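The structure under discussion appears below in the form of structure tokens.
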Amino acid sequence: MQSIEIDPELNRIALAEAAQQYPEFADHALRVIARPLSGGFAWQLEWKGAPPPGQQAWEFQNTAIRAYKRLARIME
């Protein structure tokens, strides 16, 4: 499976959009990453250190990933 190159500017914008809804996680996230799998990609956030616990951290991650995919026009 081909890898996806993450655009640094779109990444910055996606994280900023997620931080508008979940500002408490803005300083903990580094970037959106796409890890290749046999049938697609696993989209995740790379965190500074261990990921924060709780549902709100998952929501921040999901918001950032959705924003990145929308900005990059990635349809899965």
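Ordering of the structure tokens sets the chain letters (A, B, ...); residue numbers start at 1 within each chain; ligands are numbered from 1 in the order shown.
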
I need the residues of chain A that end up classed as strand (DSSP E or B) by DSSP on the backbone, written out as a PDB file with all heavy atoms, in the first residue's frame.
ATOM      1  N   ALA A  29      -0.781  17.829  20.920  1.00  0.00           N
ATOM      2  CA  ALA A  29      -0.769  17.141  19.627  1.00  0.00           C
ATOM      3  C   ALA A  29       0.358  17.658  18.750  1.00  0.00           C
ATOM      4  O   ALA A  29       0.597  18.865  18.668  1.00  0.00           O
ATOM      5  CB  ALA A  29      -2.104  17.340  18.928  1.00  0.00           C
ATOM      6  N   LEU A  30       1.046  16.726  18.103  1.00  0.00           N
ATOM      7  CA  LEU A  30       2.116  17.092  17.176  1.00  0.00           C
ATOM      8  C   LEU A  30       1.622  17.165  15.737  1.00  0.00           C
ATOM      9  O   LEU A  30       1.864  18.138  15.042  1.00  0.00           O
ATOM     10  CB  LEU A  30       3.266  16.084  17.256  1.00  0.00           C
ATOM     11  CG  LEU A  30       4.074  16.075  18.541  1.00  0.00           C
ATOM     12  CD1 LEU A  30       5.070  14.926  18.534  1.00  0.00           C
ATOM     13  CD2 LEU A  30       4.801  17.401  18.691  1.00  0.00           C
ATOM     14  N   ARG A  31       0.967  16.073  15.299  1.00  0.00           N
ATOM     15  CA  ARG A  31       0.574  16.011  13.886  1.00  0.00           C
ATOM     16  C   ARG A  31      -0.400  14.864  13.636  1.00  0.00           C
ATOM     17  O   ARG A  31      -0.478  13.924  14.424  1.00  0.00           O
ATOM     18  CB  ARG A  31       1.803  15.828  12.994  1.00  0.00           C
ATOM     19  CG  ARG A  31       2.527  14.521  13.180  1.00  0.00           C
ATOM     20  CD  ARG A  31       3.835  14.422  12.412  1.00  0.00           C
ATOM     21  NE  ARG A  31       4.823  15.381  12.814  1.00  0.00           N
ATOM     22  CZ  ARG A  31       5.688  15.236  13.817  1.00  0.00           C
ATOM     23  NH1 ARG A  31       5.663  14.130  14.540  1.00  0.00           N
ATOM     24  NH2 ARG A  31       6.555  16.163  14.108  1.00  0.00           N
ATOM     25  N   VAL A  32      -1.087  14.976  12.508  1.00  0.00           N
ATOM     26  CA  VAL A  32      -1.919  13.891  11.994  1.00  0.00           C
ATOM     27  C   VAL A  32      -0.993  12.943  11.238  1.00  0.00           C
ATOM     28  O   VAL A  32      -0.109  13.388  10.502  1.00  0.00           O
ATOM     29  CB  VAL A  32      -3.006  14.439  11.036  1.00  0.00           C
ATOM     30  CG1 VAL A  32      -3.759  13.303  10.356  1.00  0.00           C
ATOM     31  CG2 VAL A  32      -3.964  15.362  11.773  1.00  0.00           C
ATOM     32  N   ILE A  33      -1.189  11.644  11.446  1.00  0.00           N
ATOM     33  CA  ILE A  33      -0.399  10.651  10.717  1.00  0.00           C
ATOM     34  C   ILE A  33      -1.343   9.610  10.115  1.00  0.00           C
ATOM     35  O   ILE A  33      -2.450   9.403  10.615  1.00  0.00           O
ATOM     36  CB  ILE A  33       0.652   9.972  11.617  1.00  0.00           C
ATOM     37  CG1 ILE A  33       0.001   9.306  12.836  1.00  0.00           C
ATOM     38  CG2 ILE A  33       1.716  10.969  12.041  1.00  0.00           C
ATOM     39  CD1 ILE A  33       0.981   8.516  13.693  1.00  0.00           C
ATOM     40  N   ALA A  34      -0.896   8.997   9.034  1.00  0.00           N
ATOM     41  CA  ALA A  34      -1.642   7.921   8.378  1.00  0.00           C
ATOM     42  C   ALA A  34      -0.719   6.720   8.270  1.00  0.00           C
ATOM     43  O   ALA A  34       0.248   6.739   7.516  1.00  0.00           O
ATOM     44  CB  ALA A  34      -2.125   8.365   7.008  1.00  0.00           C
ATOM     45  N   ARG A  35      -1.016   5.692   9.041  1.00  0.00           N
ATOM     46  CA  ARG A  35      -0.198   4.479   9.017  1.00  0.00           C
ATOM     47  C   ARG A  35      -0.808   3.491   8.020  1.00  0.00           C
ATOM     48  O   ARG A  35      -1.984   3.166   8.123  1.00  0.00           O
ATOM     49  CB  ARG A  35      -0.149   3.842  10.398  1.00  0.00           C
ATOM     50  CG  ARG A  35       0.493   4.733  11.445  1.00  0.00           C
ATOM     51  CD  ARG A  35       0.657   3.975  12.757  1.00  0.00           C
ATOM     52  NE  ARG A  35       1.043   4.845  13.839  1.00  0.00           N
ATOM     53  CZ  ARG A  35       2.281   5.235  14.078  1.00  0.00           C
ATOM     54  NH1 ARG A  35       3.250   4.852  13.294  1.00  0.00           N
ATOM     55  NH2 ARG A  35       2.556   6.027  15.106  1.00  0.00           N
ATOM     56  N   PRO A  36       0.000   3.021   7.053  1.00  0.00           N
ATOM     57  CA  PRO A  36      -0.542   2.092   6.060  1.00  0.00           C
ATOM     58  C   PRO A  36      -0.923   0.754   6.685  1.00  0.00           C
ATOM     59  O   PRO A  36      -0.212   0.218   7.527  1.00  0.00           O
ATOM     60  CB  PRO A  36       0.589   1.913   5.057  1.00  0.00           C
ATOM     61  CG  PRO A  36       1.721   2.740   5.517  1.00  0.00           C
ATOM     62  CD  PRO A  36       1.386   3.374   6.814  1.00  0.00           C
ATOM     63  N   LEU A  37      -2.063   0.251   6.267  1.00  0.00           N
ATOM     64  CA  LEU A  37      -2.537  -1.082   6.627  1.00  0.00           C
ATOM     65  C   LEU A  37      -2.715  -1.860   5.327  1.00  0.00           C
ATOM     66  O   LEU A  37      -2.611  -1.289   4.243  1.00  0.00           O
ATOM     67  CB  LEU A  37      -3.869  -1.005   7.371  1.00  0.00           C
ATOM     68  CG  LEU A  37      -3.891  -0.212   8.670  1.00  0.00           C
ATOM     69  CD1 LEU A  37      -5.309  -0.087   9.178  1.00  0.00           C
ATOM     70  CD2 LEU A  37      -3.017  -0.890   9.712  1.00  0.00           C
ATOM     71  N   GLY A  40      -5.940  -0.108   3.613  1.00  0.00           N
ATOM     72  CA  GLY A  40      -6.210   1.314   3.820  1.00  0.00           C
ATOM     73  C   GLY A  40      -5.193   1.928   4.756  1.00  0.00           C
ATOM     74  O   GLY A  40      -4.021   1.567   4.730  1.00  0.00           O
ATOM     75  N   PHE A  41      -5.669   2.836   5.597  1.00  0.00           N
ATOM     76  CA  PHE A  41      -4.791   3.545   6.507  1.00  0.00           C
ATOM     77  C   PHE A  41      -5.427   3.641   7.882  1.00  0.00           C
ATOM     78  O   PHE A  41      -6.645   3.700   8.004  1.00  0.00           O
ATOM     79  CB  PHE A  41      -4.511   4.968   6.007  1.00  0.00           C
ATOM     80  CG  PHE A  41      -3.728   4.990   4.729  1.00  0.00           C
ATOM     81  CD1 PHE A  41      -4.380   4.990   3.506  1.00  0.00           C
ATOM     82  CD2 PHE A  41      -2.353   4.982   4.750  1.00  0.00           C
ATOM     83  CE1 PHE A  41      -3.661   4.984   2.322  1.00  0.00           C
ATOM     84  CE2 PHE A  41      -1.629   4.976   3.575  1.00  0.00           C
ATOM     85  CZ  PHE A  41      -2.286   4.979   2.359  1.00  0.00           C
ATOM     86  N   ALA A  42      -4.579   3.667   8.896  1.00  0.00           N
ATOM     87  CA  ALA A  42      -5.019   3.958  10.260  1.00  0.00           C
ATOM     88  C   ALA A  42      -4.645   5.416  10.515  1.00  0.00           C
ATOM     89  O   ALA A  42      -3.465   5.765  10.541  1.00  0.00           O
ATOM     90  CB  ALA A  42      -4.330   3.048  11.265  1.00  0.00           C
ATOM     91  N   TRP A  43      -5.648   6.251  10.654  1.00  0.00           N
ATOM     92  CA  TRP A  43      -5.423   7.680  10.903  1.00  0.00           C
ATOM     93  C   TRP A  43      -5.338   7.912  12.397  1.00  0.00           C
ATOM     94  O   TRP A  43      -6.185   7.435  13.160  1.00  0.00           O
ATOM     95  CB  TRP A  43      -6.570   8.494  10.302  1.00  0.00           C
ATOM     96  CG  TRP A  43      -6.537   8.483   8.806  1.00  0.00           C
ATOM     97  CD1 TRP A  43      -7.101   7.547   7.987  1.00  0.00           C
ATOM     98  CD2 TRP A  43      -5.897   9.424   7.965  1.00  0.00           C
ATOM     99  NE1 TRP A  43      -6.836   7.870   6.680  1.00  0.00           N
ATOM    100  CE2 TRP A  43      -6.107   9.017   6.631  1.00  0.00           C
ATOM    101  CE3 TRP A  43      -5.159  10.581   8.202  1.00  0.00           C
ATOM    102  CZ2 TRP A  43      -5.608   9.721   5.549  1.00  0.00           C
ATOM    103  CZ3 TRP A  43      -4.668  11.284   7.124  1.00  0.00           C
ATOM    104  CH2 TRP A  43      -4.890  10.854   5.809  1.00  0.00           C
ATOM    105  N   GLN A  44      -4.308   8.644  12.813  1.00  0.00           N
ATOM    106  CA  GLN A  44      -4.091   8.908  14.235  1.00  0.00           C
ATOM    107  C   GLN A  44      -3.472  10.285  14.407  1.00  0.00           C
ATOM    108  O   GLN A  44      -3.009  10.889  13.439  1.00  0.00           O
ATOM    109  CB  GLN A  44      -3.108   7.896  14.826  1.00  0.00           C
ATOM    110  CG  GLN A  44      -3.530   6.463  14.741  1.00  0.00           C
ATOM    111  CD  GLN A  44      -2.402   5.560  15.194  1.00  0.00           C
ATOM    112  OE1 GLN A  44      -1.412   5.415  14.498  1.00  0.00           O
ATOM    113  NE2 GLN A  44      -2.557   4.978  16.373  1.00  0.00           N
ATOM    114  N   LEU A  45      -3.436  10.721  15.650  1.00  0.00           N
ATOM    115  CA  LEU A  45      -2.626  11.874  16.009  1.00  0.00           C
ATOM    116  C   LEU A  45      -1.358  11.369  16.658  1.00  0.00           C
ATOM    117  O   LEU A  45      -1.383  10.387  17.399  1.00  0.00           O
ATOM    118  CB  LEU A  45      -3.341  12.777  17.019  1.00  0.00           C
ATOM    119  CG  LEU A  45      -4.395  13.725  16.508  1.00  0.00           C
ATOM    120  CD1 LEU A  45      -4.824  14.656  17.633  1.00  0.00           C
ATOM    121  CD2 LEU A  45      -3.925  14.528  15.320  1.00  0.00           C
ATOM    122  N   GLU A  46      -0.279  12.035  16.383  1.00  0.00           N
ATOM    123  CA  GLU A  46       0.948  11.794  17.121  1.00  0.00           C
ATOM    124  C   GLU A  46       0.973  12.830  18.239  1.00  0.00           C
ATOM    125  O   GLU A  46       0.811  14.029  17.992  1.00  0.00           O
ATOM    126  CB  GLU A  46       2.156  11.954  16.206  1.00  0.00           C
ATOM    127  CG  GLU A  46       3.442  11.544  16.850  1.00  0.00           C
ATOM    128  CD  GLU A  46       4.602  11.561  15.879  1.00  0.00           C
ATOM    129  OE1 GLU A  46       4.387  11.527  14.658  1.00  0.00           O
ATOM    130  OE2 GLU A  46       5.729  11.644  16.369  1.00  0.00           O
ATOM    131  N   TRP A  47       1.124  12.357  19.467  1.00  0.00           N
ATOM    132  CA  TRP A  47       1.071  13.217  20.643  1.00  0.00           C
ATOM    133  C   TRP A  47       2.462  13.477  21.174  1.00  0.00           C
ATOM    134  O   TRP A  47       3.373  12.680  20.974  1.00  0.00           O
ATOM    135  CB  TRP A  47       0.248  12.551  21.747  1.00  0.00           C
ATOM    136  CG  TRP A  47      -1.177  12.296  21.387  1.00  0.00           C
ATOM    137  CD1 TRP A  47      -1.687  11.154  20.856  1.00  0.00           C
ATOM    138  CD2 TRP A  47      -2.285  13.184  21.543  1.00  0.00           C
ATOM    139  NE1 TRP A  47      -3.042  11.278  20.680  1.00  0.00           N
ATOM    140  CE2 TRP A  47      -3.434  12.517  21.087  1.00  0.00           C
ATOM    141  CE3 TRP A  47      -2.413  14.477  22.020  1.00  0.00           C
ATOM    142  CZ2 TRP A  47      -4.692  13.098  21.106  1.00  0.00           C
ATOM    143  CZ3 TRP A  47      -3.671  15.063  22.036  1.00  0.00           C
ATOM    144  CH2 TRP A  47      -4.798  14.375  21.582  1.00  0.00           C
TER     145      TRP A  47
END

| request: Extract, using only C-alpha atoms, all DNA, RNA and protein residues at most 8 Å from Ala14 of chain A, discarding same-chain residues fewer than 4 positions from it, and format them as a ChimeraX atom specification. | output: /A:10,18,64-65,67-68,71

Output file for the selection above: N, CA and C atoms, as a short mmCIF file (atom, residue, chain, number, x, y, z; two decimals), in the first residue's frame:
data_model
loop_
_atom_site.label_atom_id
_atom_site.label_comp_id
_atom_site.auth_asym_id
_atom_site.auth_seq_id
_atom_site.Cartn_x
_atom_site.Cartn_y
_atom_site.Cartn_z
N LEU A 10 -1.63 21.88 5.83
CA LEU A 10 -2.98 21.35 6.10
C LEU A 10 -3.03 20.74 7.49
N ALA A 18 -9.35 21.77 15.26
CA ALA A 18 -9.71 20.90 16.39
C ALA A 18 -9.50 21.63 17.72
N ALA A 64 -9.60 16.51 14.44
CA ALA A 64 -8.41 16.87 13.68
C ALA A 64 -8.28 16.01 12.42
N ILE A 65 -8.53 14.72 12.55
CA ILE A 65 -8.42 13.81 11.39
C ILE A 65 -9.49 14.15 10.35
N ALA A 67 -10.90 17.00 9.86
CA ALA A 67 -10.52 18.29 9.27
C ALA A 67 -9.40 18.09 8.25
N TYR A 68 -8.41 17.30 8.59
CA TYR A 68 -7.30 17.08 7.66
C TYR A 68 -7.81 16.41 6.38
N LEU A 71 -9.70 18.93 4.29
CA LEU A 71 -8.81 19.89 3.68
C LEU A 71 -7.98 19.29 2.55
#

| Out of A:Met75, A:Ile13, A:Asp27, A:Pro51, which residue has the shortest atom-to-atom distance to Thr63 of chain A when counting only C-alpha atoms? |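 Closest to Thr63 of chain A, using only C-alpha atoms: A:Ile13.
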
Members of chain A assigned alpha helix (DSSP H) by DSSP, as a CSV table (one decimal) with all heavy atoms, in the first residue's frame:
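The new file states-v1.csv reads:
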chain,number,residue,atom,x,y,z
A,8,PRO,N,2.2,19.6,5.7
A,8,PRO,CA,2.4,20.3,6.9
A,8,PRO,C,1.5,21.5,7.2
A,8,PRO,O,1.0,21.7,8.3
A,8,PRO,CB,3.9,20.8,6.9
A,8,PRO,CG,4.5,20.0,5.8
A,8,PRO,CD,3.5,19.6,4.9
A,9,GLU,N,1.2,22.2,6.1
A,9,GLU,CA,0.3,23.4,6.3
A,9,GLU,C,-1.2,22.9,6.6
A,9,GLU,O,-1.9,23.5,7.4
A,9,GLU,CB,0.3,24.2,5.0
A,9,GLU,CG,-0.6,25.5,5.1
A,9,GLU,CD,-0.2,26.4,6.2
A,9,GLU,OE1,0.9,26.3,6.8
A,9,GLU,OE2,-1.0,27.3,6.6
A,10,LEU,N,-1.6,21.9,5.8
A,10,LEU,CA,-3.0,21.3,6.1
A,10,LEU,C,-3.0,20.7,7.5
A,10,LEU,O,-4.1,20.8,8.2
A,10,LEU,CB,-3.4,20.3,5.0
A,10,LEU,CG,-3.5,20.8,3.6
A,10,LEU,CD1,-3.9,19.7,2.7
A,10,LEU,CD2,-4.4,22.0,3.5
A,11,ASN,N,-2.0,20.1,7.9
A,11,ASN,CA,-1.9,19.6,9.3
A,11,ASN,C,-2.0,20.7,10.3
A,11,ASN,O,-2.8,20.5,11.3
A,11,ASN,CB,-0.5,18.8,9.4
A,11,ASN,CG,-0.4,18.2,10.8
A,11,ASN,OD1,-1.1,17.2,11.1
A,11,ASN,ND2,0.5,18.7,11.6
A,12,ARG,N,-1.3,21.8,10.1
A,12,ARG,CA,-1.4,22.9,11.0
A,12,ARG,C,-2.8,23.4,11.1
A,12,ARG,O,-3.4,23.7,12.2
A,12,ARG,CB,-0.5,24.0,10.6
A,12,ARG,CG,-0.4,25.2,11.6
A,12,ARG,CD,0.4,26.3,11.0
A,12,ARG,NE,-0.3,26.9,9.9
A,12,ARG,CZ,-1.4,27.7,9.9
A,12,ARG,NH1,-2.0,27.9,11.1
A,12,ARG,NH2,-1.9,28.2,8.8
A,13,ILE,N,-3.5,23.6,10.0
A,13,ILE,CA,-4.8,24.1,9.9
A,13,ILE,C,-5.8,23.1,10.6
A,13,ILE,O,-6.7,23.5,11.3
A,13,ILE,CB,-5.3,24.4,8.4
A,13,ILE,CG1,-4.4,25.5,7.9
A,13,ILE,CG2,-6.8,24.7,8.4
A,13,ILE,CD1,-4.6,25.7,6.3
A,14,ALA,N,-5.6,21.8,10.3
A,14,ALA,CA,-6.5,20.8,10.9
A,14,ALA,C,-6.4,20.8,12.4
A,14,ALA,O,-7.4,20.8,13.1
A,14,ALA,CB,-6.2,19.4,10.3
A,15,LEU,N,-5.2,20.9,12.9
A,15,LEU,CA,-5.0,20.9,14.4
A,15,LEU,C,-5.6,22.2,15.0
A,15,LEU,O,-6.2,22.2,16.1
A,15,LEU,CB,-3.5,20.8,14.8
A,15,LEU,CG,-2.9,19.4,14.5
A,15,LEU,CD1,-1.4,19.4,14.8
A,15,LEU,CD2,-3.6,18.3,15.3
A,16,ALA,N,-5.4,23.3,14.3
A,16,ALA,CA,-6.0,24.6,14.8
A,16,ALA,C,-7.5,24.5,14.8
A,16,ALA,O,-8.2,25.0,15.8
A,16,ALA,CB,-5.6,25.7,13.9
A,17,GLU,N,-8.2,23.9,13.8
A,17,GLU,CA,-9.6,23.7,13.8
A,17,GLU,C,-10.1,22.9,15.0
A,17,GLU,O,-11.0,23.2,15.7
A,17,GLU,CB,-10.1,23.1,12.5
A,17,GLU,CG,-10.1,24.0,11.4
A,17,GLU,CD,-10.7,23.4,10.1
A,17,GLU,OE1,-11.5,22.4,10.2
A,17,GLU,OE2,-10.5,23.9,9.0
A,18,ALA,N,-9.4,21.8,15.3
A,18,ALA,CA,-9.7,20.9,16.4
A,18,ALA,C,-9.5,21.6,17.7
A,18,ALA,O,-10.3,21.5,18.7
A,18,ALA,CB,-8.9,19.6,16.4
A,19,ALA,N,-8.5,22.5,17.8
A,19,ALA,CA,-8.2,23.2,19.0
A,19,ALA,C,-9.3,24.2,19.3
A,19,ALA,O,-9.4,24.6,20.5
A,19,ALA,CB,-6.8,23.9,18.9
A,20,GLN,N,-10.0,24.7,18.3
A,20,GLN,CA,-11.1,25.6,18.6
A,20,GLN,C,-12.1,25.0,19.4
A,20,GLN,O,-12.7,25.6,20.3
A,20,GLN,CB,-11.7,26.1,17.3
A,20,GLN,CG,-10.8,27.1,16.5
A,20,GLN,CD,-11.3,27.5,15.2
A,20,GLN,OE1,-12.4,27.0,14.7
A,20,GLN,NE2,-10.7,28.4,14.5
A,21,GLN,N,-12.4,23.7,19.2
A,21,GLN,CA,-13.4,23.0,20.0
A,21,GLN,C,-12.9,22.4,21.2
A,21,GLN,O,-13.6,22.2,22.2
A,21,GLN,CB,-14.0,21.9,19.1
A,21,GLN,CG,-14.9,22.4,18.0
A,21,GLN,CD,-15.5,21.2,17.2
A,21,GLN,OE1,-14.8,20.4,16.6
A,21,GLN,NE2,-16.8,21.1,17.2
A,55,GLN,N,-12.5,10.6,26.9
A,55,GLN,CA,-13.3,10.7,25.6
A,55,GLN,C,-13.0,12.0,24.9
A,55,GLN,O,-13.0,12.0,23.7
A,55,GLN,CB,-14.8,10.6,26.0
A,55,GLN,CG,-15.7,10.6,24.8
A,55,GLN,CD,-15.5,9.4,23.8
A,55,GLN,OE1,-15.2,8.3,24.3
A,55,GLN,NE2,-15.6,9.6,22.6
A,56,GLN,N,-12.8,13.1,25.6
A,56,GLN,CA,-12.6,14.4,24.9
A,56,GLN,C,-11.3,14.4,24.1
A,56,GLN,O,-11.2,15.0,23.0
A,56,GLN,CB,-12.5,15.5,25.9
A,56,GLN,CG,-13.8,15.8,26.6
A,56,GLN,CD,-14.9,16.2,25.7
A,56,GLN,OE1,-14.8,17.1,24.9
A,56,GLN,NE2,-16.0,15.4,25.7
A,57,ALA,N,-10.3,13.6,24.5
A,57,ALA,CA,-9.0,13.5,23.7
A,57,ALA,C,-9.3,12.7,22.5
A,57,ALA,O,-8.8,13.1,21.4
A,57,ALA,CB,-8.0,12.8,24.6
A,58,TRP,N,-10.2,11.7,22.5
A,58,TRP,CA,-10.6,11.0,21.3
A,58,TRP,C,-11.3,11.9,20.4
A,58,TRP,O,-11.2,11.8,19.2
A,58,TRP,CB,-11.4,9.8,21.7
A,58,TRP,CG,-10.6,8.6,22.1
A,58,TRP,CD1,-10.5,8.2,23.4
A,58,TRP,CD2,-9.9,7.7,21.3
A,58,TRP,NE1,-9.7,7.1,23.4
A,58,TRP,CE2,-9.3,6.7,22.2
A,58,TRP,CE3,-9.6,7.6,20.0
A,58,TRP,CZ2,-8.5,5.7,21.7
A,58,TRP,CZ3,-8.8,6.6,19.5
A,58,TRP,CH2,-8.2,5.7,20.4
A,59,GLU,N,-12.2,12.7,20.9
A,59,GLU,CA,-13.0,13.6,20.1
A,59,GLU,C,-12.1,14.7,19.4
A,59,GLU,O,-12.3,15.0,18.3
A,59,GLU,CB,-14.1,14.3,20.9
A,59,GLU,CG,-15.1,13.4,21.5
A,59,GLU,CD,-15.9,12.6,20.4
A,59,GLU,OE1,-16.0,13.1,19.3
A,59,GLU,OE2,-16.3,11.5,20.7
A,60,PHE,N,-11.1,15.1,20.2
A,60,PHE,CA,-10.1,16.1,19.6
A,60,PHE,C,-9.4,15.4,18.4
A,60,PHE,O,-9.2,16.0,17.3
A,60,PHE,CB,-9.1,16.5,20.6
A,60,PHE,CG,-8.0,17.3,20.1
A,60,PHE,CD1,-8.1,18.7,19.9
A,60,PHE,CD2,-6.7,16.8,19.8
A,60,PHE,CE1,-7.1,19.5,19.4
A,60,PHE,CE2,-5.7,17.6,19.3
A,60,PHE,CZ,-5.9,18.9,19.1
A,61,GLN,N,-8.9,14.1,18.6
A,61,GLN,CA,-8.2,13.4,17.6
A,61,GLN,C,-9.2,13.2,16.3
A,61,GLN,O,-8.7,13.5,15.2
A,61,GLN,CB,-7.8,12.0,18.1
A,61,GLN,CG,-7.2,11.2,17.0
A,61,GLN,CD,-6.6,9.9,17.5
A,61,GLN,OE1,-5.4,9.8,17.8
A,61,GLN,NE2,-7.4,8.8,17.6
A,62,ASN,N,-10.4,12.8,16.6
A,62,ASN,CA,-11.3,12.6,15.5
A,62,ASN,C,-11.6,13.9,14.7
A,62,ASN,O,-11.7,13.9,13.5
A,62,ASN,CB,-12.6,12.0,16.0
A,62,ASN,CG,-12.4,10.5,16.5
A,62,ASN,OD1,-11.5,9.9,16.1
A,62,ASN,ND2,-13.3,10.1,17.3
A,63,THR,N,-11.7,15.0,15.4
A,63,THR,CA,-12.0,16.3,14.8
A,63,THR,C,-10.8,16.7,13.9
A,63,THR,O,-11.0,17.2,12.8
A,63,THR,CB,-12.3,17.3,15.9
A,63,THR,OG1,-13.4,16.9,16.6
A,63,THR,CG2,-12.6,18.7,15.3
A,64,ALA,N,-9.6,16.5,14.4
A,64,ALA,CA,-8.4,16.9,13.7
A,64,ALA,C,-8.3,16.0,12.4
A,64,ALA,O,-8.0,16.5,11.3
A,64,ALA,CB,-7.2,16.7,14.6
A,65,ILE,N,-8.5,14.7,12.5
A,65,ILE,CA,-8.4,13.8,11.4
A,65,ILE,C,-9.5,14.1,10.3
A,65,ILE,O,-9.2,14.2,9.2
A,65,ILE,CB,-8.5,12.3,11.8
A,65,ILE,CG1,-7.2,12.0,12.6
A,65,ILE,CG2,-8.7,11.4,10.7
A,65,ILE,CD1,-7.3,10.7,13.4
A,66,ARG,N,-10.7,14.4,10.8
A,66,ARG,CA,-11.8,14.7,9.8
A,66,ARG,C,-11.4,16.0,9.1
A,66,ARG,O,-11.6,16.2,7.9
A,66,ARG,CB,-13.1,14.8,10.5
A,66,ARG,CG,-13.8,13.5,10.8
A,66,ARG,CD,-15.2,13.7,11.2
A,66,ARG,NE,-15.4,14.4,12.4
A,66,ARG,CZ,-15.4,14.0,13.6
A,66,ARG,NH1,-15.3,12.7,13.8
A,66,ARG,NH2,-15.6,14.8,14.7
A,67,ALA,N,-10.9,17.0,9.9
A,67,ALA,CA,-10.5,18.3,9.3
A,67,ALA,C,-9.4,18.1,8.2
A,67,ALA,O,-9.5,18.6,7.1
A,67,ALA,CB,-10.1,19.3,10.4
A,68,TYR,N,-8.4,17.3,8.6
A,68,TYR,CA,-7.3,17.1,7.7
A,68,TYR,C,-7.8,16.4,6.4
A,68,TYR,O,-7.5,16.8,5.3
A,68,TYR,CB,-6.2,16.2,8.3
A,68,TYR,CG,-5.0,16.1,7.3
A,68,TYR,CD1,-4.1,17.1,7.2
A,68,TYR,CD2,-5.0,15.1,6.4
A,68,TYR,CE1,-3.1,17.0,6.3
A,68,TYR,CE2,-4.0,15.0,5.4
A,68,TYR,CZ,-3.0,16.0,5.4
A,68,TYR,OH,-2.1,15.9,4.4
A,69,LYS,N,-8.6,15.4,6.5
A,69,LYS,CA,-9.1,14.7,5.4
A,69,LYS,C,-10.0,15.6,4.5
A,69,LYS,O,-9.9,15.5,3.3
A,69,LYS,CB,-9.8,13.4,5.8
A,69,LYS,CG,-8.9,12.3,6.4
A,69,LYS,CD,-9.6,11.2,7.1
A,69,LYS,CE,-10.1,10.2,6.2
A,69,LYS,NZ,-10.7,9.0,6.9
A,70,ARG,N,-10.7,16.4,5.1
A,70,ARG,CA,-11.6,17.4,4.3
A,70,ARG,C,-10.7,18.3,3.6
A,70,ARG,O,-10.9,18.6,2.4
A,70,ARG,CB,-12.5,18.1,5.3
A,70,ARG,CG,-13.4,19.2,4.6
A,70,ARG,CD,-14.3,19.9,5.6
A,70,ARG,NE,-13.7,20.3,6.8
A,70,ARG,CZ,-12.9,21.4,7.0
A,70,ARG,NH1,-12.6,22.1,5.9
A,70,ARG,NH2,-12.4,21.7,8.2
A,71,LEU,N,-9.7,18.9,4.3
A,71,LEU,CA,-8.8,19.9,3.7
A,71,LEU,C,-8.0,19.3,2.5
A,71,LEU,O,-7.7,19.9,1.5
A,71,LEU,CB,-7.9,20.5,4.7
A,71,LEU,CG,-8.5,21.4,5.8
A,71,LEU,CD1,-7.6,21.6,7.0
A,71,LEU,CD2,-9.0,22.7,5.2

| request: Please indicate the distance in Å from atom CA of Phe25 of chain A to atom CA of Glu5 of chain A, rounded to one decimal place. | output: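 Taking atom CA of Phe25 of chain A as the start and atom CA of Glu5 of chain A as the end point, the length is 23.8 Å.
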
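You will find atom CA of Pro52 of chain A at 12.9 Å from atom CA of Pro23 of chain A.
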
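Each of A:Gly54, A:Ile6, A:Tyr22, A:Gly49 was compared to Ile74 of chain A using only C-alpha atoms, and A:Ile6 turns out to be the nearest.
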